[in-house]
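Engineer: One file: protein28.txt (compact mmCIF, N, CA and C atoms).
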# COMPACT_ATOMS: atom_id res chain seq x y z
N MET A 1 -116.81 38.12 -1.79
CA MET A 1 -116.16 37.96 -0.51
C MET A 1 -115.31 36.70 -0.54
N LYS A 2 -114.14 36.81 0.07
CA LYS A 2 -113.23 35.67 0.18
C LYS A 2 -112.50 35.75 1.51
N ILE A 3 -112.39 34.62 2.21
CA ILE A 3 -111.62 34.54 3.45
C ILE A 3 -110.33 33.80 3.13
N ASP A 4 -109.21 34.45 3.40
CA ASP A 4 -107.90 33.85 3.18
C ASP A 4 -107.51 33.07 4.43
N VAL A 5 -107.48 31.74 4.34
CA VAL A 5 -107.22 30.92 5.52
C VAL A 5 -105.76 31.01 5.99
N SER A 6 -104.89 31.55 5.17
CA SER A 6 -103.49 31.66 5.58
C SER A 6 -103.28 32.74 6.64
N ASP A 7 -104.10 33.81 6.59
CA ASP A 7 -103.91 34.90 7.56
C ASP A 7 -105.21 35.48 8.12
N GLY A 8 -106.36 34.96 7.68
CA GLY A 8 -107.64 35.44 8.20
C GLY A 8 -108.15 36.71 7.57
N SER A 9 -107.46 37.20 6.55
CA SER A 9 -107.95 38.42 5.91
C SER A 9 -109.23 38.11 5.14
N ILE A 10 -110.09 39.11 5.08
CA ILE A 10 -111.34 38.99 4.35
C ILE A 10 -111.30 40.02 3.23
N VAL A 11 -111.45 39.53 2.01
CA VAL A 11 -111.42 40.42 0.85
C VAL A 11 -112.86 40.60 0.37
N PHE A 12 -113.32 41.83 0.41
CA PHE A 12 -114.63 42.21 -0.10
C PHE A 12 -114.43 42.99 -1.39
N ALA A 13 -115.49 43.20 -2.13
CA ALA A 13 -115.40 44.04 -3.33
C ALA A 13 -114.93 45.44 -2.96
N GLY A 14 -115.32 45.92 -1.78
CA GLY A 14 -114.99 47.28 -1.36
C GLY A 14 -113.62 47.44 -0.72
N GLY A 15 -112.97 46.34 -0.35
CA GLY A 15 -111.66 46.44 0.29
C GLY A 15 -111.34 45.20 1.09
N LYS A 16 -110.24 45.27 1.82
CA LYS A 16 -109.73 44.13 2.57
C LYS A 16 -109.54 44.50 4.04
N ILE A 17 -109.87 43.55 4.93
CA ILE A 17 -109.62 43.71 6.36
C ILE A 17 -108.93 42.45 6.87
N SER A 18 -108.28 42.58 8.01
CA SER A 18 -107.62 41.41 8.62
C SER A 18 -107.50 41.65 10.11
N GLY A 19 -106.94 40.69 10.81
CA GLY A 19 -106.71 40.82 12.24
C GLY A 19 -105.74 41.94 12.57
N LEU A 20 -105.03 42.45 11.57
CA LEU A 20 -104.10 43.55 11.78
C LEU A 20 -104.73 44.92 11.52
N THR A 21 -105.99 44.93 11.07
CA THR A 21 -106.67 46.19 10.77
C THR A 21 -106.89 47.00 12.05
N GLN A 22 -106.44 48.23 12.04
CA GLN A 22 -106.62 49.15 13.16
C GLN A 22 -107.89 49.98 12.92
N ARG A 23 -108.68 50.20 13.97
CA ARG A 23 -109.95 50.90 13.85
C ARG A 23 -109.79 52.29 13.24
N SER A 24 -108.93 53.13 13.78
CA SER A 24 -108.81 54.50 13.27
C SER A 24 -108.33 54.51 11.83
N GLU A 25 -107.41 53.63 11.51
CA GLU A 25 -106.91 53.53 10.13
C GLU A 25 -108.03 53.10 9.19
N PHE A 26 -108.83 52.11 9.62
CA PHE A 26 -109.95 51.64 8.80
C PHE A 26 -110.95 52.76 8.56
N LEU A 27 -111.31 53.49 9.60
CA LEU A 27 -112.31 54.55 9.47
C LEU A 27 -111.85 55.69 8.56
N ARG A 28 -110.54 55.90 8.44
CA ARG A 28 -110.00 56.93 7.55
C ARG A 28 -109.87 56.44 6.11
N SER A 29 -109.96 55.14 5.90
CA SER A 29 -109.78 54.57 4.55
C SER A 29 -111.01 54.80 3.68
N ALA A 30 -110.84 54.69 2.39
CA ALA A 30 -111.97 54.79 1.46
C ALA A 30 -112.99 53.70 1.76
N PHE A 31 -112.50 52.51 2.14
CA PHE A 31 -113.37 51.38 2.47
C PHE A 31 -114.22 51.67 3.70
N GLY A 32 -113.63 52.29 4.71
CA GLY A 32 -114.33 52.56 5.95
C GLY A 32 -115.02 53.91 6.02
N ASN A 33 -114.92 54.70 4.96
CA ASN A 33 -115.47 56.05 4.94
C ASN A 33 -116.97 56.10 5.22
N ALA A 34 -117.71 55.13 4.73
CA ALA A 34 -119.17 55.12 4.91
C ALA A 34 -119.60 54.27 6.11
N ALA A 35 -118.64 53.82 6.91
CA ALA A 35 -118.95 52.97 8.06
C ALA A 35 -119.77 53.73 9.09
N ARG A 36 -120.58 52.97 9.83
CA ARG A 36 -121.38 53.53 10.91
C ARG A 36 -120.82 52.96 12.22
N GLU A 37 -120.22 53.83 13.04
CA GLU A 37 -119.57 53.38 14.27
C GLU A 37 -120.44 53.70 15.47
N GLN A 38 -120.46 52.77 16.44
CA GLN A 38 -121.14 53.04 17.69
C GLN A 38 -120.36 52.41 18.84
N ILE A 39 -120.37 53.07 19.98
CA ILE A 39 -119.71 52.55 21.17
C ILE A 39 -120.62 51.48 21.76
N ALA A 40 -120.05 50.33 22.01
CA ALA A 40 -120.83 49.24 22.59
C ALA A 40 -120.60 49.12 24.09
N ASN A 41 -119.40 49.46 24.53
CA ASN A 41 -119.07 49.36 25.95
C ASN A 41 -117.94 50.34 26.24
N GLU A 42 -118.27 51.44 26.83
CA GLU A 42 -117.30 52.54 27.04
C GLU A 42 -116.08 52.16 27.90
N PRO A 43 -116.24 51.56 29.07
CA PRO A 43 -115.05 51.34 29.89
C PRO A 43 -113.98 50.47 29.21
N GLU A 44 -114.40 49.44 28.49
CA GLU A 44 -113.44 48.57 27.82
C GLU A 44 -113.17 49.00 26.39
N ASP A 45 -113.83 50.07 25.93
CA ASP A 45 -113.64 50.63 24.59
C ASP A 45 -113.96 49.64 23.48
N TRP A 46 -115.07 48.91 23.62
CA TRP A 46 -115.56 48.05 22.55
C TRP A 46 -116.37 48.91 21.59
N ARG A 47 -116.12 48.76 20.31
CA ARG A 47 -116.84 49.54 19.30
C ARG A 47 -117.31 48.63 18.18
N HIS A 48 -118.52 48.88 17.73
CA HIS A 48 -119.10 48.16 16.60
C HIS A 48 -119.07 49.09 15.40
N VAL A 49 -118.61 48.58 14.28
CA VAL A 49 -118.55 49.37 13.05
C VAL A 49 -119.30 48.60 11.97
N ALA A 50 -120.44 49.13 11.54
CA ALA A 50 -121.26 48.46 10.52
C ALA A 50 -120.85 48.96 9.13
N ILE A 51 -120.73 47.99 8.20
CA ILE A 51 -120.37 48.33 6.83
C ILE A 51 -121.22 47.51 5.86
N ASP A 52 -121.32 48.01 4.65
CA ASP A 52 -121.92 47.29 3.53
C ASP A 52 -120.80 47.10 2.52
N PRO A 53 -119.98 46.04 2.70
CA PRO A 53 -118.73 45.92 1.95
C PRO A 53 -118.87 45.55 0.48
N GLU A 54 -120.03 45.00 0.12
CA GLU A 54 -120.28 44.66 -1.28
C GLU A 54 -121.76 44.31 -1.41
N PRO A 55 -122.28 44.32 -2.62
CA PRO A 55 -123.68 43.97 -2.80
C PRO A 55 -123.99 42.58 -2.25
N GLY A 56 -125.07 42.49 -1.51
CA GLY A 56 -125.51 41.20 -0.97
C GLY A 56 -124.85 40.79 0.33
N VAL A 57 -124.03 41.68 0.90
CA VAL A 57 -123.31 41.35 2.14
C VAL A 57 -123.39 42.53 3.11
N ALA A 58 -123.67 42.21 4.37
CA ALA A 58 -123.60 43.20 5.45
C ALA A 58 -122.58 42.67 6.46
N ALA A 59 -121.86 43.58 7.11
CA ALA A 59 -120.85 43.15 8.08
C ALA A 59 -120.77 44.13 9.24
N THR A 60 -120.41 43.59 10.39
CA THR A 60 -120.13 44.40 11.57
C THR A 60 -118.76 44.01 12.07
N LEU A 61 -117.90 45.01 12.21
CA LEU A 61 -116.55 44.80 12.73
C LEU A 61 -116.57 45.16 14.20
N ILE A 62 -116.01 44.28 15.04
CA ILE A 62 -115.98 44.51 16.48
C ILE A 62 -114.53 44.79 16.88
N PHE A 63 -114.32 46.00 17.37
CA PHE A 63 -112.98 46.42 17.80
C PHE A 63 -112.97 46.57 19.31
N GLN A 64 -111.84 46.20 19.92
CA GLN A 64 -111.58 46.59 21.31
C GLN A 64 -110.42 47.57 21.22
N GLY A 65 -110.72 48.83 21.48
CA GLY A 65 -109.73 49.87 21.25
C GLY A 65 -109.45 49.94 19.76
N GLU A 66 -108.20 49.78 19.38
CA GLU A 66 -107.81 49.83 17.98
C GLU A 66 -107.79 48.46 17.31
N LYS A 67 -107.82 47.39 18.11
CA LYS A 67 -107.63 46.03 17.59
C LYS A 67 -108.93 45.40 17.12
N LEU A 68 -108.91 44.85 15.90
CA LEU A 68 -110.06 44.12 15.37
C LEU A 68 -110.15 42.77 16.05
N HIS A 69 -111.27 42.52 16.69
CA HIS A 69 -111.48 41.29 17.45
C HIS A 69 -112.31 40.28 16.66
N GLN A 70 -113.42 40.72 16.07
CA GLN A 70 -114.31 39.84 15.33
C GLN A 70 -114.95 40.58 14.17
N VAL A 71 -115.37 39.79 13.17
CA VAL A 71 -116.15 40.31 12.06
C VAL A 71 -117.38 39.42 11.93
N PHE A 72 -118.56 40.03 11.98
CA PHE A 72 -119.83 39.33 11.79
C PHE A 72 -120.31 39.64 10.37
N VAL A 73 -120.55 38.61 9.59
CA VAL A 73 -120.94 38.78 8.19
C VAL A 73 -122.29 38.09 7.98
N ALA A 74 -123.18 38.76 7.26
CA ALA A 74 -124.47 38.17 6.90
C ALA A 74 -124.69 38.32 5.40
N LEU A 75 -125.01 37.21 4.75
CA LEU A 75 -125.41 37.27 3.35
C LEU A 75 -126.85 37.76 3.33
N ARG A 76 -127.09 38.81 2.59
CA ARG A 76 -128.41 39.45 2.56
C ARG A 76 -129.46 38.57 1.86
N THR A 77 -130.71 38.74 2.28
CA THR A 77 -131.85 38.12 1.61
C THR A 77 -132.80 39.23 1.17
N THR A 78 -133.71 38.92 0.30
CA THR A 78 -134.65 39.95 -0.17
C THR A 78 -135.49 40.49 0.98
N SER A 79 -135.76 39.67 1.99
CA SER A 79 -136.57 40.13 3.11
C SER A 79 -135.84 41.14 4.00
N ASP A 80 -134.51 41.27 3.86
CA ASP A 80 -133.78 42.27 4.65
C ASP A 80 -134.28 43.68 4.34
N ASP A 81 -134.66 43.90 3.11
CA ASP A 81 -135.11 45.23 2.70
C ASP A 81 -136.62 45.36 2.64
N THR A 82 -137.30 44.25 2.43
CA THR A 82 -138.75 44.32 2.22
C THR A 82 -139.57 43.73 3.35
N GLY A 83 -138.95 42.96 4.25
CA GLY A 83 -139.69 42.28 5.31
C GLY A 83 -140.39 41.07 4.76
N PRO A 84 -140.97 40.22 5.46
CA PRO A 84 -140.92 40.13 6.92
C PRO A 84 -139.63 39.46 7.38
N TRP A 85 -139.32 39.64 8.65
CA TRP A 85 -138.13 39.06 9.24
C TRP A 85 -138.58 37.99 10.21
N THR A 86 -138.25 36.74 9.93
CA THR A 86 -138.74 35.62 10.75
C THR A 86 -137.60 34.69 11.14
N ILE A 87 -137.87 33.85 12.11
CA ILE A 87 -136.89 32.83 12.51
C ILE A 87 -136.62 31.90 11.34
N GLY A 88 -137.65 31.56 10.57
CA GLY A 88 -137.47 30.69 9.41
C GLY A 88 -136.51 31.28 8.39
N ILE A 89 -136.61 32.57 8.14
CA ILE A 89 -135.70 33.23 7.19
C ILE A 89 -134.28 33.19 7.73
N GLU A 90 -134.10 33.40 9.03
CA GLU A 90 -132.76 33.35 9.62
C GLU A 90 -132.18 31.94 9.58
N ARG A 91 -133.02 30.92 9.74
CA ARG A 91 -132.53 29.54 9.61
C ARG A 91 -132.11 29.26 8.17
N GLU A 92 -132.87 29.78 7.21
CA GLU A 92 -132.49 29.64 5.80
C GLU A 92 -131.17 30.36 5.53
N ARG A 93 -131.00 31.55 6.14
CA ARG A 93 -129.76 32.29 5.98
C ARG A 93 -128.58 31.47 6.52
N LYS A 94 -128.77 30.83 7.68
CA LYS A 94 -127.71 29.99 8.25
C LYS A 94 -127.36 28.85 7.29
N THR A 95 -128.34 28.25 6.67
CA THR A 95 -128.09 27.20 5.69
C THR A 95 -127.26 27.74 4.53
N ARG A 96 -127.56 28.96 4.08
CA ARG A 96 -126.77 29.60 3.01
C ARG A 96 -125.35 29.86 3.48
N HIS A 97 -125.20 30.34 4.71
CA HIS A 97 -123.87 30.59 5.26
C HIS A 97 -123.06 29.30 5.32
N ASP A 98 -123.68 28.22 5.83
CA ASP A 98 -122.99 26.94 5.93
C ASP A 98 -122.54 26.44 4.56
N ALA A 99 -123.42 26.57 3.56
CA ALA A 99 -123.06 26.14 2.20
C ALA A 99 -121.94 27.00 1.64
N TRP A 100 -121.98 28.32 1.89
CA TRP A 100 -120.93 29.20 1.40
C TRP A 100 -119.60 28.82 2.03
N LEU A 101 -119.59 28.59 3.34
CA LEU A 101 -118.36 28.22 4.03
C LEU A 101 -117.79 26.90 3.52
N ARG A 102 -118.65 25.90 3.29
CA ARG A 102 -118.17 24.61 2.76
C ARG A 102 -117.53 24.80 1.39
N THR A 103 -118.13 25.62 0.56
CA THR A 103 -117.57 25.88 -0.77
C THR A 103 -116.26 26.65 -0.67
N ALA A 104 -116.22 27.66 0.19
CA ALA A 104 -115.05 28.53 0.29
C ALA A 104 -113.91 27.93 1.10
N LEU A 105 -114.23 27.20 2.19
CA LEU A 105 -113.20 26.75 3.12
C LEU A 105 -113.12 25.23 3.29
N GLY A 106 -114.07 24.50 2.72
CA GLY A 106 -114.09 23.05 2.92
C GLY A 106 -114.95 22.69 4.11
N ALA A 107 -114.73 21.50 4.64
CA ALA A 107 -115.54 21.00 5.76
C ALA A 107 -115.06 21.61 7.08
N PRO A 108 -116.00 21.90 7.99
CA PRO A 108 -115.60 22.41 9.30
C PRO A 108 -114.91 21.30 10.11
N PRO A 109 -114.23 21.65 11.17
CA PRO A 109 -114.15 22.96 11.81
C PRO A 109 -113.16 23.87 11.10
N TYR A 110 -113.35 25.16 11.30
CA TYR A 110 -112.51 26.18 10.67
C TYR A 110 -111.65 26.84 11.75
N GLU A 111 -110.64 26.10 12.21
CA GLU A 111 -109.73 26.56 13.26
C GLU A 111 -108.36 26.78 12.63
N TYR A 112 -107.77 27.94 12.91
CA TYR A 112 -106.49 28.31 12.31
C TYR A 112 -105.60 28.95 13.36
N ALA A 113 -104.32 29.10 13.05
CA ALA A 113 -103.39 29.73 13.99
C ALA A 113 -103.80 31.17 14.30
N TRP A 114 -104.40 31.87 13.34
CA TRP A 114 -104.80 33.27 13.51
C TRP A 114 -106.15 33.43 14.19
N GLY A 115 -106.97 32.35 14.27
CA GLY A 115 -108.30 32.44 14.86
C GLY A 115 -109.22 31.37 14.32
N ARG A 116 -110.52 31.70 14.21
CA ARG A 116 -111.49 30.71 13.72
C ARG A 116 -112.65 31.37 13.00
N VAL A 117 -113.36 30.54 12.25
CA VAL A 117 -114.55 30.98 11.53
C VAL A 117 -115.68 30.05 11.95
N THR A 118 -116.83 30.63 12.30
CA THR A 118 -117.99 29.84 12.67
C THR A 118 -119.23 30.37 11.96
N SER A 119 -120.24 29.53 11.90
CA SER A 119 -121.55 29.93 11.40
C SER A 119 -122.51 29.78 12.57
N ASP A 120 -123.22 30.87 12.89
CA ASP A 120 -124.02 30.87 14.10
C ASP A 120 -125.46 31.30 13.82
N PHE A 121 -126.39 30.66 14.51
CA PHE A 121 -127.79 31.07 14.51
C PHE A 121 -128.17 31.35 15.95
N ASP A 122 -128.62 32.56 16.24
CA ASP A 122 -129.06 32.94 17.57
C ASP A 122 -130.58 33.11 17.54
N PRO A 123 -131.33 32.16 18.12
CA PRO A 123 -132.78 32.25 18.08
C PRO A 123 -133.36 33.38 18.91
N LYS A 124 -132.57 33.96 19.81
CA LYS A 124 -133.07 35.06 20.65
C LYS A 124 -133.20 36.35 19.86
N ASP A 125 -132.32 36.58 18.87
CA ASP A 125 -132.36 37.84 18.12
C ASP A 125 -133.50 37.91 17.11
N PRO A 126 -133.88 37.05 16.29
CA PRO A 126 -133.12 35.96 15.69
C PRO A 126 -132.15 36.51 14.64
N ALA A 127 -130.98 35.88 14.57
CA ALA A 127 -129.97 36.31 13.60
C ALA A 127 -129.05 35.16 13.26
N SER A 128 -128.60 35.14 12.01
CA SER A 128 -127.61 34.17 11.55
C SER A 128 -126.44 34.94 10.96
N GLU A 129 -125.23 34.53 11.35
CA GLU A 129 -124.05 35.24 10.88
C GLU A 129 -122.87 34.30 10.75
N ILE A 130 -121.97 34.65 9.84
CA ILE A 130 -120.66 34.03 9.77
C ILE A 130 -119.79 34.89 10.67
N ILE A 131 -119.07 34.26 11.61
CA ILE A 131 -118.27 35.01 12.56
C ILE A 131 -116.78 34.64 12.36
N VAL A 132 -115.99 35.66 12.06
CA VAL A 132 -114.54 35.49 11.96
C VAL A 132 -113.96 36.08 13.25
N SER A 133 -113.31 35.23 14.06
CA SER A 133 -112.74 35.66 15.33
C SER A 133 -111.23 35.57 15.26
N TYR A 134 -110.59 36.68 15.60
CA TYR A 134 -109.13 36.73 15.56
C TYR A 134 -108.57 36.46 16.95
N ALA A 135 -107.51 35.66 17.02
CA ALA A 135 -106.85 35.37 18.29
C ALA A 135 -106.28 36.67 18.85
N ILE A 136 -106.46 36.85 20.13
CA ILE A 136 -105.97 38.08 20.76
C ILE A 136 -104.71 37.78 21.54
The structure given in the file should be rewritten as structure tokens.
Structural biologist:
Amino acid sequence: MKIDVSDGSIVFAGGKISGLTQRSEFLRSAFGNAAREQIANEPEDWRHVAIDPEPGVAATLIFQGEKLHQVFVALRTTSDDTGPWTIGIERERKTRHDAWLRTALGAPPYEYAWGRVTSDFDPKDPASEIIVSYAI
């Protein structure tokens, strides 16, 4: 996985997405063929599209209508498949995400003309994710 800071595109082993990626076009592509789509909010047409873009990575693409709004990325751990799932494991995942971002993008903040990249830990879920948000 690589995030191109010049335009916000994300290059995975399975393909490339960016803020210009259209939902219907993505779902018809070889990269999006195995995607799992679900409606998150019907009136505003928010849709979540889950993908496994490369080994060791899970991602959810958030579209409003056809426009890609955000990409949530999680680096997989062995407990994702075998259990247990704990707050401690999610905090460790966040530490891995932070280290990956520092190596890939340098020191935060990660604010760009096209949007931003953040590393988030939500203790309510619990979940840790790298979030790429595109300016709308």
Engineer: Counting only C-alpha atoms, what is within 12 Å of Asp4 (chain A), bar same-chain residues fewer than 6 positions away, as a ChimeraX atom specification?
Structural biologist: /A:10-12,16-19,101,104-105,110,112,114-117,132
Engineer: Can you tell me, as a VMD selection string, what residues are no more than 6 Å from Gln64 (chain A) when counting only N, CA and C atoms, ignoring any on the same chain fewer than 5 positions away?
Structural biologist: chain A and resid 44 to 47 69
Engineer: Report the distance between CA of Thr86 (chain A) and atom C of Met1 (chain A) in Å, rounded to one decimal place.
Structural biologist: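 Here the two named atoms are 26.0 Å from each other.
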Engineer: Considering all atoms listed in the file, return as a PyMOL selection string whatever protein or nucleic-acid residues lie within 8 Å of Leu61 (chain A), sequence-local ones (same chain, fewer than 2 positions apart) excluded.
Structural biologist: chain A and resi 47-51+58-59+63-64+68-73
Engineer: Would you please extract all strand (DSSP E or B) residues from region 88-128 of chain A, as assigned by DSSP on the backbone, and give them as a list in words?
Structural biologist: Tyr110, Glu111, Tyr112, Gly115, Arg116, Val117, Thr118, Ser119, Asp120, Phe121, Asp122, Ala127 and Ser128 of chain A
Engineer: Report the distance between CA of Arg93 (chain A) and atom N of Phe121 (chain A) in Å, rounded to one decimal place.
Structural biologist: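 Atom N of Phe121 (chain A) lies at a distance of 9.3 Å from CA of Arg93 (chain A).
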Engineer: So the first atom is CA of Glu92 (chain A) and the second is CA of Ser133 (chain A); what is the distance between them in Å, to one decimal place?
Structural biologist: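 Those two atoms sit 22.7 Å apart.
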Engineer: Determine which residues of chain A receive a DSSP assignment of helix (DSSP H, G or I), computed from the backbone, and state them as number ranges by chain.
Structural biologist: A: 23-28, 79-82, 87-105
Engineer: Quick one: what's the axis-aligned box for region 35-40 of chain A, all listed atoms, 8 Å on every side, centre and edges in Å to one decimal, as JSON?
Structural biologist:
{"center_x": -120.0, "center_y": 51.5, "center_z": 15.5, "size_x": 18.7, "size_y": 20.7, "size_z": 33.2}
Engineer: For each of A:Glu42, A:Glu37, A:Glu66, A:Asp80, take the minimum atom-to-atom distance to Arg23 (chain A), counting all atoms listed in the file, then give the residue where this is smallest.
Structural biologist: A:Glu66
Engineer: Return the single residue from A:Ala74, A:Ile89, A:Trp100, A:Gly106 that is closest to Ile130 (chain A), with distances computed using all atoms listed in the file.
Structural biologist: A:Ala74
Engineer: Which is closer to Asp7 (chain A) than all the others in A:Pro53, A:Leu20, A:Pro123, A:Arg28, using only N, CA and C atoms?
Structural biologist: A:Leu20
